[in-house]
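First the structure, in the form of structure tokens, and then the observations on it.
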Amino acid sequence: MFDIKKTTQPRSLEEAVRALVADPSSKCIAGGTDMLPRLHRRELGSCSLVSLGNIQELKNISETEESDLLIGPLCTCQQLTREPLLRRRLPLLYQVFSQIASPPIRRMATIGGNICRPLPGGDLAVLLLALDARLYIQGPASARWLPIFQLYQEGGKLEPQPWEILGRILIPRTSLENNQLKYTKHNSSGPSIRLALRLERGEEGCIKTLRLAIALPGQWPCTQPRTEAALRGLSPAEALEKLPQLLPKDLSPLHHPQIDRSSQLQVAVELSRRCLTKLIQEGGPRA
Amino acid sequence: MQKNIIGSSVSQRDALDKVTGRARYTADLCPKDALVARILPSIISNGRVRAVDLSRAQALPGVELALSCFDVPDRPFPGVGALYPQEQTAIRDRHLLESRVRYQGDPIAVVVARDECTAAQALEKIRVRYEEYPASLDIQSGLQAPGLHQNLFSGNLLARENLHNGSMGKAVSRPGLHYVEKNYRCCSRLNPPTEAPSSYAYMEGGQLVVVSSCRSLHALRHILSLALGIPSGKIRVCQPCVGAGSGERLEALYEPLNAYLSLRLNGRCVRLSLSREEALACSPREQAMDFQAKAWADEKGILQARDMKLWANQGAYACNGQGIVGRAIKNFAQTYQDAGALNLQSASVYTNTAPTGAGPASGYLQAAFAQESLMEDLSRSLGLDPIEFRRQNLGDLGQDQRKRLEECLNRGSAAIGWQERRRRYERQLGSQRRGLGMALFSLGDGKTAAPSELATARMMLEADGSVQLQIGASGLEQGADTSLLQIASAACSIPMEKIHVPPLLDTAWAPFDSGGEPGHLSQVRGQAVKKAALLLRKRIIDYAALLLNCPADLVFFDGRQLLDSRNRGQGLRLEELAQRSYYDKEHPLPISAEASHSKRESIPLCGCAFAEVEVDISLGQVKLLRLVNVLDSGTLINPALSAAQARTDQYRGLCYALSPGLAEGANLPPGPLREYLLPAGAEDAQMQCIFVQQPEPKGVFGNKPIEGMAQIPIAAAIRNAILQATGVAIDEIPLSSSTLLRRFREEGLLPSFPLKEEAHV
């Protein structure tokens, strides 16, 4: 039972934005794996849909002249795992996407949906946060680039306005080359805690850049700037020792009926520690 | 008799229909132009509906009918879909719609519209004014709160059962006793059926017809008659294929309301299907139980005394859950014996949570967790081997049962390598540790039989020599259609492929079947089928004797042809006989047989589980490495089906042990099904179920009702394995990450991080 008033199928990003502006009750639909269940539960009442499925430019994967990666938000999870360019430049995506949901969902679910609705299955958001991805946001008058960490605002809001559309995802070359990347999640039957860690090592193997993105239950995924800054310049051994002391001060777990706040901290710290240990081991004494 | 069909793994009769999607369920059969009913659930947990404004809903085009709790008859009926529909035992605590709200989700209004969208829009236009009372969501607050069903009970105590043996004072005053005192806790668990509950109702031929996925055909008809105040002869209930494999959907949910709506609309067809979320919110669940346990044992490890208090959270309605604490209590008393004294007290308590119900293992499941945790804790404090300790304290199970339990224990410990691995896992260090644990169970002594479980079977020989088998309810595993066909074939000698059983049941022809505990009933149903088949065989032979002009005891029948054993040349094929039974000019006499069986005694059953786990202490993760179940199964009628059933039950046991359950007081719909997953950490486990096949003399063909039984000891076995691995006893189910981490912190295995103030969401 879907209470849909009208569906439009624009062919360009600009046209889609115009449709959203024209009818404030309308919503975008991409893969539908999140939208259709919500419509079914009547969370959105009766609404109009703007289907993005016919906009070809949203489905491309390419490289810029600066060797940054560009990913169209309408690429499905399955498509991303099969794309040779991504397999070469960002093999971790395969690992992440092959863990998401089930094959039928992976065929339908899009990377854009995963970014804009990261709860509870948004495995990708932490990874893109760790990679310092940038998002191209198309509005009615102009378009702009938004660092992904600015996307997720307090109070469960997204930064862009409801009539703006995510047009492209850029992963900078500087996050891909000479960087190590790890993704992990808590293997529990309850709500999962997910984490991605990016490490760039400098002189004598010490920490040059460290990005740690964590998604705790009921919260937007976010990076941990204070911990990251405090670990910069440290030797691997020092960083491993400091991490469990710094990180708990940065995190603010929320009450969740299935996992208490202390346990969330324990898991987040332990997963981070293990990820960092692995990256350091894999990188050898000098990355 | 065609005996070799028993014990043969013929494939399930409806397997192809099920896997190709050809099988038709209630919602598939509903006419496409049926009107659609949707229910407005209460948003408060406890209180009264003071006013309902339906005017805006009624004004919506396409709405045919909108009713509030004030517009339906005040006629109480039981929600019990099974067990004993007699008025004296079934508690009539439900109404079509409730003005006295007892849990969040109680139906308070309903709309019927031309389609789902209109019905949903209409629901959103209903305005309700409540008078809200404080909600009691847990057992203790339920005990203190004013009675939820004041016309039936003064307080909230629904069922109470006690048992005392010996003098406690004398038993525990002996010097030098070891003593353990513990609180064990089992959370509530949902048993969502695969098929979301669905029904439709219409009038035809002066009868009200209700098609439903409820599995208790005749009990449902009785409930409908009570709820609607019309004689049951005016009601026809049909049950198509049901997607519920392990004992769900025995209860009536909204069928009475659905039927009432059709009556109000002059018999137009009305459909009432629940969404998955609605179904999760109102479906009866497994009872949460709290156990306060004390136990004393002497130096040699002889159990001297036990004192147990058991409280069960009944939820807002009795459903069919009131007997469950009694089951648990009996189980405590029977499995082990106390040299000195035993003191058991139990009660189930109405609270403002969703109703609970009885599955095949309800009560046993919770009792096994508490009992087998207690035995483990006691053996550990005595420094004794857990199996030896249990062995020397086993109750008076009877010679046979004891022997079979011994064999289960021996085969289980051999399969898992008990001695060697227990030794290997002693004294480990580090975050990742392994452990081995076990638990056993033993049920039934033959004296607890309930009086009124009855099943009937009817068999008819068709003119082409095939046979129609008619039964009154669909069952599980050993009692499922395929096994019943095997039983029928074995008893009447006619090959199984010539016997047919319709997938859709209909009270218009289906013989009476009281419904009830799935396991036991499958046994009763099997007996009825066997009797009917033997009778059919006898009548076929008698008719052949008439045609062949030969004494009946000299007729030879192998299921295909009937011969005069004095002269093997003279005879006729079954097809010929069948045809003549309808069309013979001199002796037309269609052959059929009907037989009933009622339960006289329950069949004892036992088993055990062994679990090997790896615990990651820092992450609170349990990885199940191996699970070995051993079941005292009797002869298996269909080993493949039994193995599949046991595997399902193993998963259910794992879910019970490991999946996040419904937190205390979690009254709300538990959220989307995606948060209610199969337990993590069990994907790669090696799982095995060993059957100890000692023919059971009381069984239909030596079999036992093992449906749902393999799950009973699993939670305790895993808990005991975690205890060996980490030295930490987890005394509550589920054994979730959160619980494990909290316990590890409490025991000093993990640090406690300082928590910041909770951020504002």
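Simple scheme: letters A, B, ... for chains in structure tokens order, numbers from 1 for residues in each chain, numbers from 1 for ligands in the order shown.
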
Write down as a compact mmCIF listing (two decimals) with C-alpha atoms, in the first residue's frame the residues belonging to range 331-557 of chain B that are assigned helix (DSSP H, G or I) by DSSP computed on the backbone.
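Dumped to states07.txt:
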```txt
# COMPACT_ATOMS: atom_id res chain seq x y z
CA ASN B 331 10.06 -29.61 35.44
CA PHE B 332 12.10 -28.43 38.44
CA ALA B 333 10.57 -31.07 40.64
CA GLN B 334 11.04 -33.95 38.22
CA THR B 335 14.47 -33.50 36.71
CA TYR B 364 10.55 -25.64 29.76
CA LEU B 365 12.79 -23.17 27.98
CA GLN B 366 12.89 -20.73 30.90
CA ALA B 367 13.03 -23.48 33.53
CA ALA B 368 15.95 -25.15 31.77
CA PHE B 369 17.92 -21.92 31.76
CA ALA B 370 17.43 -21.35 35.48
CA GLN B 371 17.78 -24.98 36.51
CA GLU B 372 20.82 -25.79 34.42
CA SER B 373 22.53 -22.54 35.40
CA LEU B 374 21.90 -23.34 39.04
CA MET B 375 23.26 -26.88 38.69
CA GLU B 376 26.33 -25.50 36.94
CA ASP B 377 26.95 -22.86 39.60
CA LEU B 378 26.57 -25.43 42.34
CA SER B 379 28.89 -27.95 40.70
CA ARG B 380 31.43 -25.19 40.15
CA SER B 381 31.34 -24.15 43.79
CA LEU B 382 31.88 -27.80 44.74
CA PRO B 386 29.18 -30.70 35.81
CA ILE B 387 27.98 -33.89 34.12
CA GLU B 388 28.87 -36.12 37.07
CA PHE B 389 27.21 -33.72 39.47
CA ARG B 390 24.02 -33.71 37.42
CA ARG B 391 24.10 -37.47 37.02
CA GLN B 392 24.22 -38.19 40.71
CA ASN B 393 21.33 -35.84 41.43
CA GLN B 399 14.36 -46.85 34.53
CA ASP B 400 13.89 -46.31 30.80
CA GLN B 401 14.02 -42.55 30.79
CA ARG B 402 17.16 -42.60 32.94
CA LYS B 403 18.86 -45.03 30.58
CA ARG B 404 18.00 -42.89 27.59
CA LEU B 405 19.20 -39.72 29.29
CA GLU B 406 22.48 -41.48 30.14
CA GLU B 407 22.84 -42.44 26.52
CA CYS B 408 22.13 -38.87 25.39
CA LEU B 409 24.82 -37.59 27.78
CA ASN B 410 27.33 -40.21 26.68
CA ARG B 411 26.82 -39.62 22.99
CA GLY B 412 26.86 -35.85 23.39
CA SER B 413 30.05 -35.77 25.43
CA ALA B 414 31.74 -38.16 23.01
CA ALA B 415 30.74 -36.02 20.02
CA ILE B 416 32.03 -32.78 21.52
CA TRP B 418 34.02 -33.24 26.67
CA GLN B 419 36.84 -34.52 28.90
CA GLU B 420 39.70 -33.52 26.68
CA ARG B 421 38.38 -30.05 25.77
CA ARG B 422 37.20 -29.13 29.24
CA ARG B 423 40.76 -29.79 30.41
CA ARG B 424 42.28 -27.87 27.53
CA GLU B 477 7.16 -32.22 11.93
CA GLN B 478 6.24 -35.65 13.33
CA GLY B 479 2.59 -34.65 13.04
CA ASP B 481 0.99 -33.88 6.73
CA THR B 482 3.87 -35.83 5.25
CA SER B 483 4.50 -37.80 8.43
CA LEU B 484 0.77 -38.45 8.80
CA LEU B 485 0.72 -39.80 5.26
CA GLN B 486 3.56 -42.11 6.17
CA ILE B 487 1.65 -43.27 9.23
CA ALA B 488 -1.51 -43.80 7.18
CA SER B 489 0.36 -45.69 4.51
CA ALA B 490 2.15 -47.88 7.03
CA ALA B 491 -1.11 -48.76 8.76
CA CYS B 492 -3.35 -49.42 5.73
CA MET B 496 1.83 -43.23 0.15
CA GLU B 497 1.63 -41.66 -3.30
CA LYS B 498 -1.99 -42.85 -3.52
CA PRO B 518 1.82 -28.95 19.04
CA GLY B 519 4.09 -31.74 20.16
CA HIS B 520 1.58 -33.71 22.10
CA LEU B 521 -1.15 -33.19 19.62
CA SER B 522 0.91 -34.44 16.75
CA GLN B 523 1.08 -37.64 18.71
CA VAL B 524 -2.68 -37.72 19.28
CA ARG B 525 -3.33 -36.87 15.65
CA GLY B 526 -0.93 -39.56 14.53
CA GLN B 527 -2.75 -42.12 16.64
CA ALA B 528 -6.09 -41.08 15.16
CA VAL B 529 -4.71 -41.44 11.64
CA LYS B 530 -3.27 -44.83 12.48
CA LYS B 531 -6.60 -46.03 13.88
CA ALA B 532 -8.53 -44.74 10.88
CA ALA B 533 -6.07 -46.35 8.50
CA LEU B 534 -6.26 -49.72 10.26
CA LEU B 535 -10.05 -49.51 10.15
CA LEU B 536 -9.98 -48.62 6.46
CA ARG B 537 -7.75 -51.60 5.79
CA LYS B 538 -10.13 -53.86 7.67
CA ARG B 539 -13.13 -52.56 5.72
CA ILE B 540 -11.33 -53.01 2.41
CA ILE B 541 -10.55 -56.60 3.36
CA ASP B 542 -14.13 -57.21 4.50
CA TYR B 543 -15.45 -55.92 1.20
CA ALA B 544 -12.96 -58.04 -0.71
CA ALA B 545 -14.11 -61.05 1.29
CA LEU B 546 -17.64 -60.33 0.13
CA LEU B 547 -16.63 -59.98 -3.51
CA LEU B 548 -14.22 -62.92 -3.49
CA ALA B 552 -12.00 -62.17 5.65
CA ASP B 553 -9.12 -63.64 7.61
CA LEU B 554 -7.99 -65.48 4.51
```

_Show me, as a list of chain:residue names, every residue of chain A with an atom at most 6 Å from chain B, counting only C-alpha atoms._
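Here they are: A:Asp3, A:Gly155, A:Ser188, A:Ser189, A:Gly190, A:Ile259, A:Ser263, A:Val267.
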
Just write the chosen residues, N, CA, C and O atoms, as a PDB file, in the first residue's frame.
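Now in part17.pdb:
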```pdb
ATOM      1  N   ASP A   3       0.835   5.301  -0.623  1.00  0.00           N
ATOM      2  CA  ASP A   3      -0.021   6.474  -0.786  1.00  0.00           C
ATOM      3  C   ASP A   3       0.781   7.541  -1.522  1.00  0.00           C
ATOM      4  O   ASP A   3       1.286   8.481  -0.926  1.00  0.00           O
ATOM      5  N   GLY A 155      20.843  17.272  15.881  1.00  0.00           N
ATOM      6  CA  GLY A 155      19.398  17.077  15.867  1.00  0.00           C
ATOM      7  C   GLY A 155      18.938  16.184  14.733  1.00  0.00           C
ATOM      8  O   GLY A 155      17.787  16.225  14.326  1.00  0.00           O
ATOM      9  N   SER A 188      27.620  -7.916  16.499  1.00  0.00           N
ATOM     10  CA  SER A 188      26.669  -8.239  17.556  1.00  0.00           C
ATOM     11  C   SER A 188      25.281  -8.288  16.948  1.00  0.00           C
ATOM     12  O   SER A 188      25.032  -7.742  15.893  1.00  0.00           O
ATOM     13  N   SER A 189      24.379  -8.970  17.624  1.00  0.00           N
ATOM     14  CA  SER A 189      23.030  -9.082  17.075  1.00  0.00           C
ATOM     15  C   SER A 189      22.243  -7.798  17.280  1.00  0.00           C
ATOM     16  O   SER A 189      21.218  -7.590  16.666  1.00  0.00           O
ATOM     17  N   GLY A 190      22.712  -6.960  18.157  1.00  0.00           N
ATOM     18  CA  GLY A 190      21.998  -5.719  18.436  1.00  0.00           C
ATOM     19  C   GLY A 190      22.365  -4.640  17.433  1.00  0.00           C
ATOM     20  O   GLY A 190      22.812  -4.930  16.334  1.00  0.00           O
ATOM     21  N   ILE A 259      22.011  -1.672  23.952  1.00  0.00           N
ATOM     22  CA  ILE A 259      23.426  -1.630  24.361  1.00  0.00           C
ATOM     23  C   ILE A 259      23.665  -0.359  25.182  1.00  0.00           C
ATOM     24  O   ILE A 259      23.402   0.749  24.717  1.00  0.00           O
ATOM     25  N   SER A 263      29.082   0.265  27.444  1.00  0.00           N
ATOM     26  CA  SER A 263      29.453  -0.797  26.519  1.00  0.00           C
ATOM     27  C   SER A 263      29.748  -0.232  25.134  1.00  0.00           C
ATOM     28  O   SER A 263      30.658  -0.702  24.446  1.00  0.00           O
ATOM     29  N   VAL A 267      33.316  -0.820  23.252  1.00  0.00           N
ATOM     30  CA  VAL A 267      33.419  -1.418  21.917  1.00  0.00           C
ATOM     31  C   VAL A 267      34.117  -0.461  20.961  1.00  0.00           C
ATOM     32  O   VAL A 267      35.017  -0.857  20.203  1.00  0.00           O
TER      33      VAL A 267
END
```

*Which residue out of A:Ile165, A:Leu80, A:Ile115, A:Ala130 has the minimum interatomic distance to Leu52 in chain A when only C-alpha atoms are used?*
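For Leu52 in chain A, the nearest of the candidates is A:Ile165.
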
*Please provide the set of residues having any atom within 12 Å of Pro24 in chain A, restricted to only C-alpha atoms, with same-chain residues fewer than 5 positions apart removed, written as a ChimeraX atom specification.*
/A:17-19,47-50,161-164

Next, dump the selected residues to file, keeping only N, CA and C atoms, as a PDB file, in the first residue's frame.
```
ATOM      1  N   VAL A  17      15.698  19.195  -9.334  1.00  0.00           N
ATOM      2  CA  VAL A  17      15.635  20.225  -8.296  1.00  0.00           C
ATOM      3  C   VAL A  17      14.397  21.101  -8.511  1.00  0.00           C
ATOM      4  N   ARG A  18      14.114  21.446  -9.787  1.00  0.00           N
ATOM      5  CA  ARG A  18      12.928  22.265 -10.081  1.00  0.00           C
ATOM      6  C   ARG A  18      11.650  21.555  -9.614  1.00  0.00           C
ATOM      7  N   ALA A  19      11.603  20.236  -9.824  1.00  0.00           N
ATOM      8  CA  ALA A  19      10.414  19.476  -9.411  1.00  0.00           C
ATOM      9  C   ALA A  19      10.252  19.499  -7.892  1.00  0.00           C
ATOM     10  N   CYS A  47       2.550  11.552  -0.229  1.00  0.00           N
ATOM     11  CA  CYS A  47       3.515  12.480  -0.833  1.00  0.00           C
ATOM     12  C   CYS A  47       3.736  12.207  -2.312  1.00  0.00           C
ATOM     13  N   SER A  48       4.394  13.168  -2.959  1.00  0.00           N
ATOM     14  CA  SER A  48       4.772  12.982  -4.358  1.00  0.00           C
ATOM     15  C   SER A  48       6.224  12.542  -4.405  1.00  0.00           C
ATOM     16  N   LEU A  49       6.554  11.807  -5.440  1.00  0.00           N
ATOM     17  CA  LEU A  49       7.930  11.328  -5.549  1.00  0.00           C
ATOM     18  C   LEU A  49       8.611  11.903  -6.789  1.00  0.00           C
ATOM     19  N   VAL A  50       9.876  12.246  -6.611  1.00  0.00           N
ATOM     20  CA  VAL A  50      10.706  12.616  -7.753  1.00  0.00           C
ATOM     21  C   VAL A  50      11.713  11.489  -7.916  1.00  0.00           C
ATOM     22  N   GLN A 161      19.292  21.711   2.048  1.00  0.00           N
ATOM     23  CA  GLN A 161      17.854  21.925   2.156  1.00  0.00           C
ATOM     24  C   GLN A 161      17.124  20.755   1.493  1.00  0.00           C
ATOM     25  N   PRO A 162      15.859  20.548   1.877  1.00  0.00           N
ATOM     26  CA  PRO A 162      15.130  19.399   1.330  1.00  0.00           C
ATOM     27  C   PRO A 162      15.012  19.428  -0.189  1.00  0.00           C
ATOM     28  N   TRP A 163      15.146  20.598  -0.813  1.00  0.00           N
ATOM     29  CA  TRP A 163      14.999  20.662  -2.268  1.00  0.00           C
ATOM     30  C   TRP A 163      16.340  20.586  -2.993  1.00  0.00           C
ATOM     31  N   GLU A 164      17.410  20.370  -2.236  1.00  0.00           N
ATOM     32  CA  GLU A 164      18.724  20.215  -2.882  1.00  0.00           C
ATOM     33  C   GLU A 164      19.016  18.726  -3.096  1.00  0.00           C
TER      34      GLU A 164
END
```

_Residues within 10 Å of range 88-92 of chain A, only C-alpha atoms, excluding chain neighbours under 2 positions, as a ChimeraX atom specification_ = /A:69,81,83-86,94-98,127,171,173,176-177,181-183

_Report as a ChimeraX atom specification all protein, DNA and RNA residues lying within 8 Å of Ala611 in chain B, evaluated on only C-alpha atoms, omitting residues in the same chain fewer than 5 positions from it._
/B:436-438,624-628,714,717-718,721

*Which neighbours of Met35 in chain A fall inside 10 Å, counting only C-alpha atoms, when residues of the same chain fewer than 6 positions from it are skipped, and could you give them as a PyMOL selection string?*
chain A and resi 27-29+41+43-44+49+113+117
